[in-house]
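Enquirer: entry.tsv (TSV, N, CA and C atoms) pasted underneath:
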```tsv
chain	number	residue	atom	x	y	z
A	1	GLN	N	0.84	-1.20	0.00
A	1	GLN	CA	0.00	0.00	0.00
A	1	GLN	C	0.87	1.24	0.00
A	2	VAL	N	0.60	2.17	-0.91
A	2	VAL	CA	1.38	3.40	-1.04
A	2	VAL	C	0.81	4.48	-0.15
A	3	GLN	N	1.69	5.17	0.55
A	3	GLN	CA	1.28	6.30	1.37
A	3	GLN	C	2.15	7.50	1.06
A	4	LEU	N	1.51	8.66	0.98
A	4	LEU	CA	2.21	9.93	0.86
A	4	LEU	C	1.90	10.74	2.11
A	5	VAL	N	2.94	11.10	2.84
A	5	VAL	CA	2.74	11.83	4.08
A	5	VAL	C	3.38	13.20	3.94
A	6	GLU	N	2.53	14.24	4.08
A	6	GLU	CA	2.99	15.63	3.95
A	6	GLU	C	3.20	16.25	5.32
A	7	SER	N	4.05	17.26	5.35
A	7	SER	CA	4.25	18.04	6.56
A	7	SER	C	4.77	19.41	6.18
A	8	GLY	N	4.70	20.34	7.14
A	8	GLY	CA	5.30	21.65	6.94
A	8	GLY	C	4.35	22.80	6.71
A	9	GLY	N	3.05	22.52	6.61
A	9	GLY	CA	2.11	23.60	6.42
A	9	GLY	C	1.95	24.42	7.69
A	10	GLY	N	1.23	25.54	7.57
A	10	GLY	CA	0.99	26.37	8.74
A	10	GLY	C	0.56	27.76	8.36
A	11	LEU	N	0.65	28.64	9.34
A	11	LEU	CA	0.26	30.04	9.18
A	11	LEU	C	1.52	30.90	9.09
A	12	VAL	N	1.55	31.77	8.10
A	12	VAL	CA	2.72	32.63	7.91
A	12	VAL	C	2.25	33.99	7.42
A	13	GLN	N	2.98	35.02	7.72
A	13	GLN	CA	2.66	36.36	7.24
A	13	GLN	C	3.10	36.52	5.79
A	14	ALA	N	2.44	37.40	5.10
A	14	ALA	CA	2.81	37.70	3.72
A	14	ALA	C	4.28	38.10	3.65
A	15	GLY	N	4.96	37.57	2.66
A	15	GLY	CA	6.40	37.81	2.52
A	15	GLY	C	7.25	36.76	3.19
A	16	GLY	N	6.63	35.91	3.99
A	16	GLY	CA	7.36	34.88	4.70
A	16	GLY	C	7.59	33.63	3.87
A	17	SER	N	8.14	32.61	4.53
A	17	SER	CA	8.51	31.37	3.85
A	17	SER	C	8.01	30.15	4.62
A	18	LEU	N	7.78	29.09	3.88
A	18	LEU	CA	7.47	27.79	4.45
A	18	LEU	C	8.12	26.72	3.57
A	19	ARG	N	8.37	25.57	4.18
A	19	ARG	CA	8.91	24.45	3.42
A	19	ARG	C	8.02	23.23	3.66
A	20	LEU	N	7.45	22.73	2.60
A	20	LEU	CA	6.63	21.52	2.68
A	20	LEU	C	7.48	20.30	2.34
A	21	SER	N	7.16	19.19	2.99
A	21	SER	CA	7.82	17.92	2.70
A	21	SER	C	6.76	16.86	2.43
A	22	CYS	N	7.14	15.90	1.59
A	22	CYS	CA	6.25	14.78	1.30
A	22	CYS	C	7.10	13.53	1.10
A	23	THR	N	6.81	12.51	1.88
A	23	THR	CA	7.55	11.25	1.78
A	23	THR	C	6.63	10.14	1.30
A	24	ALA	N	7.08	9.44	0.29
A	24	ALA	CA	6.31	8.33	-0.26
A	24	ALA	C	6.83	7.03	0.34
A	25	SER	N	5.92	6.16	0.73
A	25	SER	CA	6.32	4.86	1.29
A	25	SER	C	5.43	3.76	0.75
A	26	GLY	N	5.96	2.59	0.75
A	26	GLY	CA	5.25	1.43	0.24
A	26	GLY	C	6.29	0.37	-0.02
A	27	ARG	N	5.90	-0.85	0.11
A	27	ARG	CA	6.87	-1.94	0.11
A	27	ARG	C	7.78	-1.94	-1.12
A	28	THR	N	7.22	-1.74	-2.31
A	28	THR	CA	8.04	-1.76	-3.52
A	28	THR	C	7.86	-0.49	-4.35
A	29	PHE	N	7.33	0.55	-3.72
A	29	PHE	CA	6.97	1.75	-4.46
A	29	PHE	C	8.20	2.59	-4.74
A	30	LYS	N	8.37	2.95	-6.01
A	30	LYS	CA	9.44	3.84	-6.41
A	30	LYS	C	8.87	4.86	-7.37
A	31	THR	N	8.99	6.13	-7.01
A	31	THR	CA	8.37	7.16	-7.81
A	31	THR	C	9.15	7.43	-9.09
A	32	VAL	N	8.43	7.92	-10.10
A	32	VAL	CA	9.04	8.46	-11.30
A	32	VAL	C	8.82	9.97	-11.33
A	33	TYR	N	7.66	10.39	-10.85
A	33	TYR	CA	7.34	11.82	-10.73
A	33	TYR	C	6.71	12.06	-9.36
A	34	MET	N	7.03	13.21	-8.79
A	34	MET	CA	6.33	13.69	-7.61
A	34	MET	C	6.01	15.15	-7.83
A	35	GLY	N	4.89	15.58	-7.27
A	35	GLY	CA	4.48	16.95	-7.52
A	35	GLY	C	3.64	17.52	-6.40
A	36	TRP	N	3.34	18.79	-6.56
A	36	TRP	CA	2.48	19.51	-5.60
A	36	TRP	C	1.36	20.19	-6.36
A	37	PHE	N	0.18	20.06	-5.82
A	37	PHE	CA	-1.00	20.77	-6.30
A	37	PHE	C	-1.59	21.51	-5.11
A	38	ARG	N	-2.47	22.47	-5.37
A	38	ARG	CA	-3.12	23.18	-4.27
A	38	ARG	C	-4.56	23.48	-4.65
A	39	GLN	N	-5.36	23.64	-3.62
A	39	GLN	CA	-6.77	23.96	-3.81
A	39	GLN	C	-7.20	24.98	-2.79
A	40	ALA	N	-7.59	26.13	-3.28
A	40	ALA	CA	-8.11	27.19	-2.41
A	40	ALA	C	-9.63	27.04	-2.30
A	41	PRO	N	-10.21	27.58	-1.24
A	41	PRO	CA	-11.67	27.47	-1.06
A	41	PRO	C	-12.42	28.01	-2.27
A	42	GLY	N	-13.35	27.21	-2.79
A	42	GLY	CA	-14.17	27.65	-3.90
A	42	GLY	C	-13.49	27.59	-5.25
A	43	LYS	N	-12.27	27.06	-5.29
A	43	LYS	CA	-11.54	27.00	-6.55
A	43	LYS	C	-11.16	25.56	-6.88
A	44	GLU	N	-10.83	25.34	-8.14
A	44	GLU	CA	-10.40	24.02	-8.55
A	44	GLU	C	-8.95	23.79	-8.13
A	45	ARG	N	-8.62	22.51	-8.04
A	45	ARG	CA	-7.24	22.16	-7.72
A	45	ARG	C	-6.34	22.59	-8.87
A	46	GLU	N	-5.18	23.17	-8.53
A	46	GLU	CA	-4.28	23.65	-9.56
A	46	GLU	C	-2.86	23.14	-9.33
A	47	PHE	N	-2.14	23.02	-10.41
A	47	PHE	CA	-0.77	22.57	-10.39
A	47	PHE	C	0.14	23.64	-9.79
A	48	VAL	N	1.11	23.18	-9.00
A	48	VAL	CA	2.10	24.09	-8.43
A	48	VAL	C	3.49	23.77	-8.97
A	49	ALA	N	3.93	22.52	-8.79
A	49	ALA	CA	5.28	22.15	-9.23
A	49	ALA	C	5.39	20.63	-9.30
A	50	ALA	N	6.34	20.16	-10.11
A	50	ALA	CA	6.57	18.72	-10.23
A	50	ALA	C	8.04	18.46	-10.46
A	51	LEU	N	8.43	17.23	-10.14
A	51	LEU	CA	9.82	16.83	-10.25
A	51	LEU	C	9.88	15.42	-10.79
A	52	ARG	N	10.69	15.24	-11.82
A	52	ARG	CA	10.97	13.90	-12.30
A	52	ARG	C	12.05	13.34	-11.37
A	53	THR	N	11.79	12.24	-10.72
A	53	THR	CA	12.67	11.76	-9.66
A	53	THR	C	13.72	10.77	-10.14
A	54	ILE	N	13.69	10.44	-11.41
A	54	ILE	CA	14.72	9.57	-11.97
A	54	ILE	C	15.34	10.26	-13.17
A	55	GLY	N	16.51	9.78	-13.58
A	55	GLY	CA	17.14	10.33	-14.78
A	55	GLY	C	17.57	11.77	-14.59
A	56	ASP	N	17.07	12.66	-15.46
A	56	ASP	CA	17.56	14.05	-15.46
A	56	ASP	C	16.95	14.92	-14.37
A	57	THR	N	16.02	14.39	-13.58
A	57	THR	CA	15.38	15.12	-12.46
A	57	THR	C	14.91	16.51	-12.88
A	58	THR	N	14.25	16.59	-14.01
A	58	THR	CA	13.70	17.85	-14.49
A	58	THR	C	12.64	18.37	-13.53
A	59	THR	N	12.59	19.69	-13.36
A	59	THR	CA	11.57	20.32	-12.53
A	59	THR	C	10.63	21.15	-13.39
A	60	TYR	N	9.42	21.29	-12.88
A	60	TYR	CA	8.37	22.06	-13.56
A	60	TYR	C	7.70	22.93	-12.50
A	61	HIS	N	7.46	24.20	-12.83
A	61	HIS	CA	6.79	25.11	-11.90
A	61	HIS	C	5.70	25.88	-12.64
A	62	ALA	N	4.58	26.07	-11.97
A	62	ALA	CA	3.52	26.90	-12.52
A	62	ALA	C	4.01	28.35	-12.63
A	63	ASP	N	3.51	29.06	-13.62
A	63	ASP	CA	3.94	30.45	-13.82
A	63	ASP	C	3.68	31.30	-12.58
A	64	SER	N	2.62	31.00	-11.87
A	64	SER	CA	2.23	31.81	-10.71
A	64	SER	C	3.21	31.71	-9.55
A	65	VAL	N	4.06	30.68	-9.56
A	65	VAL	CA	4.99	30.48	-8.45
A	65	VAL	C	6.45	30.55	-8.88
A	66	LYS	N	6.72	30.68	-10.17
A	66	LYS	CA	8.10	30.73	-10.64
A	66	LYS	C	8.84	31.89	-10.00
A	67	GLY	N	10.05	31.60	-9.55
A	67	GLY	CA	10.86	32.61	-8.89
A	67	GLY	C	10.60	32.73	-7.40
A	68	ARG	N	9.51	32.10	-6.93
A	68	ARG	CA	9.19	32.14	-5.50
A	68	ARG	C	9.22	30.75	-4.87
A	69	PHE	N	8.73	29.76	-5.58
A	69	PHE	CA	8.68	28.38	-5.07
A	69	PHE	C	9.72	27.53	-5.80
A	70	THR	N	10.29	26.58	-5.08
A	70	THR	CA	11.25	25.66	-5.68
A	70	THR	C	10.98	24.24	-5.21
A	71	ILE	N	10.83	23.34	-6.17
A	71	ILE	CA	10.64	21.93	-5.83
A	71	ILE	C	12.00	21.23	-5.91
A	72	SER	N	12.24	20.33	-4.97
A	72	SER	CA	13.46	19.54	-4.97
A	72	SER	C	13.16	18.18	-4.37
A	73	GLY	N	14.11	17.27	-4.47
A	73	GLY	CA	13.84	15.93	-3.97
A	73	GLY	C	15.06	15.24	-3.43
A	74	ASP	N	14.81	14.21	-2.65
A	74	ASP	CA	15.86	13.35	-2.12
A	74	ASP	C	15.44	11.92	-2.48
A	75	ASN	N	16.05	11.38	-3.52
A	75	ASN	CA	15.64	10.05	-3.99
A	75	ASN	C	15.86	8.97	-2.96
A	76	ALA	N	16.93	9.10	-2.21
A	76	ALA	CA	17.24	8.08	-1.21
A	76	ALA	C	16.14	7.98	-0.16
A	77	LYS	N	15.48	9.09	0.08
A	77	LYS	CA	14.42	9.13	1.09
A	77	LYS	C	13.03	9.09	0.45
A	78	ASN	N	12.96	9.02	-0.89
A	78	ASN	CA	11.67	9.05	-1.59
A	78	ASN	C	10.84	10.25	-1.14
A	79	THR	N	11.51	11.39	-1.04
A	79	THR	CA	10.91	12.59	-0.47
A	79	THR	C	11.04	13.75	-1.45
A	80	VAL	N	10.00	14.57	-1.50
A	80	VAL	CA	10.03	15.78	-2.29
A	80	VAL	C	9.73	16.96	-1.37
A	81	TYR	N	10.34	18.09	-1.69
A	81	TYR	CA	10.19	19.30	-0.89
A	81	TYR	C	9.63	20.42	-1.76
A	82	LEU	N	8.95	21.35	-1.12
A	82	LEU	CA	8.51	22.56	-1.80
A	82	LEU	C	8.90	23.74	-0.92
A	83	GLN	N	9.94	24.45	-1.33
A	83	GLN	CA	10.36	25.65	-0.63
A	83	GLN	C	9.55	26.81	-1.18
A	84	MET	N	8.82	27.46	-0.29
A	84	MET	CA	7.94	28.56	-0.70
A	84	MET	C	8.42	29.85	-0.06
A	85	ASN	N	8.85	30.79	-0.87
A	85	ASN	CA	9.32	32.09	-0.41
A	85	ASN	C	8.40	33.19	-0.92
A	86	SER	N	8.52	34.35	-0.31
A	86	SER	CA	7.71	35.51	-0.72
A	86	SER	C	6.24	35.14	-0.83
A	87	LEU	N	5.74	34.48	0.19
A	87	LEU	CA	4.35	34.01	0.15
A	87	LEU	C	3.38	35.17	0.13
A	88	GLN	N	2.31	34.98	-0.61
A	88	GLN	CA	1.27	35.99	-0.77
A	88	GLN	C	-0.06	35.39	-0.31
A	89	SER	N	-1.02	36.26	-0.03
A	89	SER	CA	-2.33	35.78	0.42
A	89	SER	C	-2.97	34.85	-0.61
A	90	GLU	N	-2.66	35.07	-1.87
A	90	GLU	CA	-3.23	34.22	-2.94
A	90	GLU	C	-2.67	32.80	-2.90
A	91	ASP	N	-1.61	32.57	-2.12
A	91	ASP	CA	-1.04	31.23	-1.99
A	91	ASP	C	-1.77	30.39	-0.93
A	92	THR	N	-2.68	31.02	-0.21
A	92	THR	CA	-3.44	30.29	0.80
A	92	THR	C	-4.26	29.18	0.15
A	93	ALA	N	-4.06	27.96	0.62
A	93	ALA	CA	-4.73	26.81	0.03
A	93	ALA	C	-4.35	25.56	0.81
A	94	VAL	N	-5.03	24.46	0.51
A	94	VAL	CA	-4.57	23.15	0.95
A	94	VAL	C	-3.61	22.64	-0.13
A	95	TYR	N	-2.44	22.25	0.28
A	95	TYR	CA	-1.42	21.77	-0.65
A	95	TYR	C	-1.38	20.25	-0.58
A	96	TYR	N	-1.44	19.64	-1.75
A	96	TYR	CA	-1.46	18.19	-1.87
A	96	TYR	C	-0.21	17.69	-2.58
A	97	CYS	N	0.37	16.66	-2.02
A	97	CYS	CA	1.47	15.96	-2.67
A	97	CYS	C	0.89	14.88	-3.57
A	98	ALA	N	1.51	14.70	-4.73
A	98	ALA	CA	1.08	13.68	-5.67
A	98	ALA	C	2.28	12.90	-6.18
A	99	ALA	N	2.06	11.66	-6.55
A	99	ALA	CA	3.16	10.83	-7.04
A	99	ALA	C	2.66	9.88	-8.11
A	100	GLN	N	3.59	9.49	-8.94
A	100	GLN	CA	3.29	8.51	-9.99
A	100	GLN	C	4.53	7.64	-10.18
A	101	ASP	N	4.27	6.33	-10.43
A	101	ASP	CA	5.39	5.41	-10.57
A	101	ASP	C	5.58	4.96	-12.02
A	102	LYS	N	5.09	5.77	-12.94
A	102	LYS	CA	5.29	5.49	-14.35
A	102	LYS	C	5.37	6.82	-15.09
A	103	ARG	N	5.62	6.76	-16.40
A	103	ARG	CA	5.80	7.98	-17.17
A	103	ARG	C	4.55	8.85	-17.16
A	104	ILE	N	4.77	10.17	-17.11
A	104	ILE	CA	3.70	11.16	-17.19
A	104	ILE	C	3.90	12.00	-18.43
A	105	TYR	N	2.82	12.32	-19.14
A	105	TYR	CA	2.93	13.13	-20.36
A	105	TYR	C	2.60	14.60	-20.11
A	106	GLU	N	1.75	14.84	-19.08
A	106	GLU	CA	1.40	16.22	-18.73
A	106	GLU	C	1.58	16.37	-17.23
A	107	THR	N	2.71	16.88	-16.82
A	107	THR	CA	3.02	16.95	-15.39
A	107	THR	C	2.10	17.88	-14.63
A	108	ASP	N	1.42	18.80	-15.32
A	108	ASP	CA	0.54	19.75	-14.63
A	108	ASP	C	-0.92	19.29	-14.62
A	109	TYR	N	-1.18	18.06	-15.03
A	109	TYR	CA	-2.53	17.53	-15.08
A	109	TYR	C	-2.72	16.55	-13.92
A	110	ASP	N	-3.64	16.88	-13.01
A	110	ASP	CA	-3.73	16.09	-11.78
A	110	ASP	C	-4.12	14.63	-12.04
A	111	ARG	N	-4.86	14.37	-13.10
A	111	ARG	CA	-5.28	13.00	-13.36
A	111	ARG	C	-4.15	12.10	-13.85
A	112	GLU	N	-2.99	12.68	-14.08
A	112	GLU	CA	-1.82	11.86	-14.44
A	112	GLU	C	-1.24	11.16	-13.22
A	113	TYR	N	-1.61	11.61	-12.03
A	113	TYR	CA	-1.03	11.09	-10.81
A	113	TYR	C	-2.01	10.12	-10.14
A	114	ASP	N	-1.51	8.98	-9.74
A	114	ASP	CA	-2.35	7.96	-9.10
A	114	ASP	C	-2.34	8.02	-7.58
A	115	TYR	N	-1.34	8.66	-7.00
A	115	TYR	CA	-1.18	8.62	-5.55
A	115	TYR	C	-1.18	10.03	-4.99
A	116	TRP	N	-1.92	10.19	-3.89
A	116	TRP	CA	-2.12	11.52	-3.30
A	116	TRP	C	-1.97	11.48	-1.80
A	117	GLY	N	-1.45	12.58	-1.26
A	117	GLY	CA	-1.41	12.75	0.18
A	117	GLY	C	-2.71	13.31	0.69
A	118	GLN	N	-2.77	13.48	2.00
A	118	GLN	CA	-4.01	13.94	2.63
A	118	GLN	C	-4.17	15.45	2.58
A	119	GLY	N	-3.11	16.15	2.26
A	119	GLY	CA	-3.16	17.60	2.16
A	119	GLY	C	-2.66	18.29	3.42
A	120	THR	N	-2.06	19.44	3.25
A	120	THR	CA	-1.60	20.25	4.38
A	120	THR	C	-1.99	21.70	4.12
A	121	GLN	N	-2.53	22.35	5.16
A	121	GLN	CA	-3.04	23.71	5.01
A	121	GLN	C	-1.90	24.72	5.07
A	122	VAL	N	-1.90	25.63	4.12
A	122	VAL	CA	-1.00	26.78	4.14
A	122	VAL	C	-1.87	28.04	4.15
A	123	THR	N	-1.69	28.86	5.16
A	123	THR	CA	-2.46	30.09	5.29
A	123	THR	C	-1.50	31.26	5.36
A	124	VAL	N	-1.68	32.23	4.46
A	124	VAL	CA	-0.83	33.41	4.42
A	124	VAL	C	-1.67	34.61	4.84
A	125	SER	N	-1.27	35.25	5.90
A	125	SER	CA	-2.02	36.40	6.40
A	125	SER	C	-1.40	37.68	5.84
A	126	SER	N	-2.28	38.61	5.47
A	126	SER	CA	-1.79	39.86	4.87
A	126	SER	C	-1.72	40.96	5.90
```
What is this file in structure tokens?
Expert:
Amino acid sequence: QVQLVESGGGLVQAGGSLRLSCTASGRTFKTVYMGWFRQAPGKEREFVAALRTIGDTTTYHADSVKGRFTISGDNAKNTVYLQMNSLQSEDTAVYYCAAQDKRIYETDYDREYDYWGQGTQVTVSS
């Protein structure tokens, strides 16, 4: 059974930083892609960032977070991180970790991912 466990959410003032972590576990589970999505109240879930965890470890970031958020990973720990800087009130949302153990064609499409964490709340106060 695959589990994704997130941590690091919380309340922060605008301009501040937070670092989210997500660790994937399972007896034989090995990720190919891991990513972050978020969902604000009344809005659809949206892509934030993704990381190819094998080979060239390419990263992908949504335009809305480029230059502020950085995704990175530790393959040995099957863990992905999301460093969030210069947080704005518009970043307030539940952040979900996602993973896939096979090739993905559209890293920003949530239905490409089969495994999801429970979500962690990020609240940015202005």
Enquirer: Tell me, in Å to one decimal, how far CA of Gly15 in chain A is from CA of Ala40 in chain A.
Expert: 18.6 Å
Enquirer: For a cut-off of 5 Å around (-1.5, 14.0, 2.8), file coordinates, pick out all residues using only N, CA and C atoms and list them as a ChimeraX atom specification.
Expert: /A:4-6,117-119
Enquirer: Using all atoms listed in the file, find each residue in range 4-69 of chain A having at least one atom no more than 7 Å away from range 85-96 of chain A; report its shortest atom-to-atom pair and that distance in Å (one decimal), rows by chain then rising number, as JSON lines.
Expert:
```
{"residue": "A:Gln13", "atom": "C", "partner": "A:Leu87", "partner_atom": "C", "distance": 5.8}
{"residue": "A:Ala14", "atom": "CA", "partner": "A:Leu87", "partner_atom": "C", "distance": 4.4}
{"residue": "A:Gly15", "atom": "N", "partner": "A:Leu87", "partner_atom": "C", "distance": 3.8}
{"residue": "A:Gly16", "atom": "N", "partner": "A:Leu87", "partner_atom": "N", "distance": 4.2}
{"residue": "A:Ser17", "atom": "CA", "partner": "A:Asn85", "partner_atom": "CA", "distance": 4.4}
{"residue": "A:Leu18", "atom": "N", "partner": "A:Asn85", "partner_atom": "N", "distance": 5.2}
{"residue": "A:Gly35", "atom": "C", "partner": "A:Tyr96", "partner_atom": "C", "distance": 5.4}
{"residue": "A:Trp36", "atom": "CA", "partner": "A:Tyr96", "partner_atom": "C", "distance": 4.4}
{"residue": "A:Phe37", "atom": "C", "partner": "A:Tyr96", "partner_atom": "N", "distance": 3.8}
{"residue": "A:Arg38", "atom": "CA", "partner": "A:Val94", "partner_atom": "C", "distance": 4.2}
{"residue": "A:Gln39", "atom": "C", "partner": "A:Val94", "partner_atom": "N", "distance": 4.0}
{"residue": "A:Ala40", "atom": "CA", "partner": "A:Ala93", "partner_atom": "CA", "distance": 4.2}
{"residue": "A:Pro41", "atom": "N", "partner": "A:Ala93", "partner_atom": "CA", "distance": 5.7}
{"residue": "A:Gly67", "atom": "C", "partner": "A:Asn85", "partner_atom": "C", "distance": 6.9}
{"residue": "A:Arg68", "atom": "C", "partner": "A:Asn85", "partner_atom": "N", "distance": 4.0}
{"residue": "A:Phe69", "atom": "N", "partner": "A:Asn85", "partner_atom": "N", "distance": 4.8}
```
Enquirer: Using CA of Val65 in chain A and CA of Ser126 in chain A as the two end points, give the distance in Å to one decimal.
Expert: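 Straight-line distance from CA of Val65 in chain A to CA of Ser126 in chain A works out to 17.6 Å.
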Enquirer: Give the answer as one residue: which of A:His61, A:Lys102, A:Arg19, A:Lys66 has the shortest atom-to-atom distance to Leu82 in chain A, using all atoms listed in the file?
Expert: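 Looking only at the distances to Leu82 in chain A, the closest residue turns out to be A:Arg19.
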Enquirer: Using backbone DSSP assignments, extract all strand (DSSP E) residues from chain A; output them as a VMD selection string.
Expert: chain A and resid 3 to 7 10 to 13 18 to 25 33 to 39 46 to 52 59 to 61 69 to 74 79 to 84 93 to 100 115 to 116 120 to 125
Enquirer: For Ala24 in chain A, which residue among A:Val124, A:Ala99, A:Ala62, A:Val48 is the nearest when counting only N, CA and C atoms?
Expert: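 Of all the options, A:Ala99 lies closest to Ala24 in chain A.
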Enquirer: List the spatial neighbours of range 25-30 of chain A as a list in words - criterion: any atom at most 8 Å away, only C-alpha atoms, same-chain residues fewer than 4 positions off excluded.
Expert: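 In the requested format, the answer is Gln1, Val2, Gln3, Leu4, Asn78 and Asp101 of chain A.
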Enquirer: Could you jot down the atom C of Ala76 in chain A to atom N of Arg111 in chain A separation for me, Å, one decimal place?
Expert: 25.5 Å
Enquirer: Pick out the residues sitting within 12 Å of Glu106 in chain A, and hand them over as a list of chain:residue names; count only C-alpha atoms, and ignore anything fewer than 6 positions along from it in its own chain.
Expert: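 The residues satisfying every condition are A:Tyr33, A:Gly35, A:Phe47, A:Ala49, A:Ala50, A:Leu51, A:Arg52, A:Tyr60, A:Gln100, A:Glu112, A:Tyr113.
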Enquirer: Kindly export the residues of the current selection with N, CA and C atoms, as a PDB file, keeping the file's coordinate frame.
Expert:
```
ATOM      1  N   TYR A  33       7.660  10.390 -10.850  1.00  0.00           N
ATOM      2  CA  TYR A  33       7.340  11.820 -10.730  1.00  0.00           C
ATOM      3  C   TYR A  33       6.710  12.060  -9.360  1.00  0.00           C
ATOM      4  N   GLY A  35       4.890  15.580  -7.270  1.00  0.00           N
ATOM      5  CA  GLY A  35       4.480  16.950  -7.520  1.00  0.00           C
ATOM      6  C   GLY A  35       3.640  17.520  -6.400  1.00  0.00           C
ATOM      7  N   PHE A  47      -2.140  23.020 -10.410  1.00  0.00           N
ATOM      8  CA  PHE A  47      -0.770  22.570 -10.390  1.00  0.00           C
ATOM      9  C   PHE A  47       0.140  23.640  -9.790  1.00  0.00           C
ATOM     10  N   ALA A  49       3.930  22.520  -8.790  1.00  0.00           N
ATOM     11  CA  ALA A  49       5.280  22.150  -9.230  1.00  0.00           C
ATOM     12  C   ALA A  49       5.390  20.630  -9.300  1.00  0.00           C
ATOM     13  N   ALA A  50       6.340  20.160 -10.110  1.00  0.00           N
ATOM     14  CA  ALA A  50       6.570  18.720 -10.230  1.00  0.00           C
ATOM     15  C   ALA A  50       8.040  18.460 -10.460  1.00  0.00           C
ATOM     16  N   LEU A  51       8.430  17.230 -10.140  1.00  0.00           N
ATOM     17  CA  LEU A  51       9.820  16.830 -10.250  1.00  0.00           C
ATOM     18  C   LEU A  51       9.880  15.420 -10.790  1.00  0.00           C
ATOM     19  N   ARG A  52      10.690  15.240 -11.820  1.00  0.00           N
ATOM     20  CA  ARG A  52      10.970  13.900 -12.300  1.00  0.00           C
ATOM     21  C   ARG A  52      12.050  13.340 -11.370  1.00  0.00           C
ATOM     22  N   TYR A  60       9.420  21.290 -12.880  1.00  0.00           N
ATOM     23  CA  TYR A  60       8.370  22.060 -13.560  1.00  0.00           C
ATOM     24  C   TYR A  60       7.700  22.930 -12.500  1.00  0.00           C
ATOM     25  N   GLN A 100       3.590   9.490  -8.940  1.00  0.00           N
ATOM     26  CA  GLN A 100       3.290   8.510  -9.990  1.00  0.00           C
ATOM     27  C   GLN A 100       4.530   7.640 -10.180  1.00  0.00           C
ATOM     28  N   GLU A 112      -2.990  12.680 -14.080  1.00  0.00           N
ATOM     29  CA  GLU A 112      -1.820  11.860 -14.440  1.00  0.00           C
ATOM     30  C   GLU A 112      -1.240  11.160 -13.220  1.00  0.00           C
ATOM     31  N   TYR A 113      -1.610  11.610 -12.030  1.00  0.00           N
ATOM     32  CA  TYR A 113      -1.030  11.090 -10.810  1.00  0.00           C
ATOM     33  C   TYR A 113      -2.010  10.120 -10.140  1.00  0.00           C
TER      34      TYR A 113
END
```
Enquirer: From the list A:Val122, A:Cys97, A:Ile104, A:Leu11, which residue is nearest Tyr81 in chain A when using only C-alpha atoms?
Expert: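 Closest candidate: A:Cys97.
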Enquirer: Can you list every residue in chain A that DSSP puts in helix (DSSP H, G or I), as a list in words?
Expert: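 Everything in chain A that counts as helix (DSSP H, G or I) is Asn75, Ala76, Lys77, Ser89, Glu90, Asp91, Asp110, Arg111 and Glu112 of chain A.
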Enquirer: Of the residues A:Ile71, A:Leu20, A:Val80, A:Val32, which is the one nearest to Arg103 in chain A, using only N, CA and C atoms?
Expert: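 Counting only N, CA and C atoms, the residue closest to Arg103 in chain A is A:Val32.
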Enquirer: Please give the centre and size of the box around range 92-103 of chain A (axis-aligned, containing every atom listed in the file, 5 Å added per side), with values in Å to one decimal and written as AutoDock Vina command-line options.
Expert:
```
--center_x 0.4 --center_y 18.0 --center_z -8.1 --size_x 20.8 --size_y 36.1 --size_z 28.1
```
Enquirer: Which of these residues is nearest to Thr23 in chain A, using only C-alpha atoms: A:Asp74, A:Gly42, A:Thr123, A:Thr107?
Expert: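 Nearest candidate to Thr23 in chain A out of A:Asp74, A:Gly42, A:Thr123, A:Thr107: A:Asp74.
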Enquirer: May I ask which of the residues A:Ser64, A:Thr59, A:Thr79, A:Ser125 is the closest one to Cys22 in chain A, counting only N, CA and C atoms?
Expert: A:Thr79
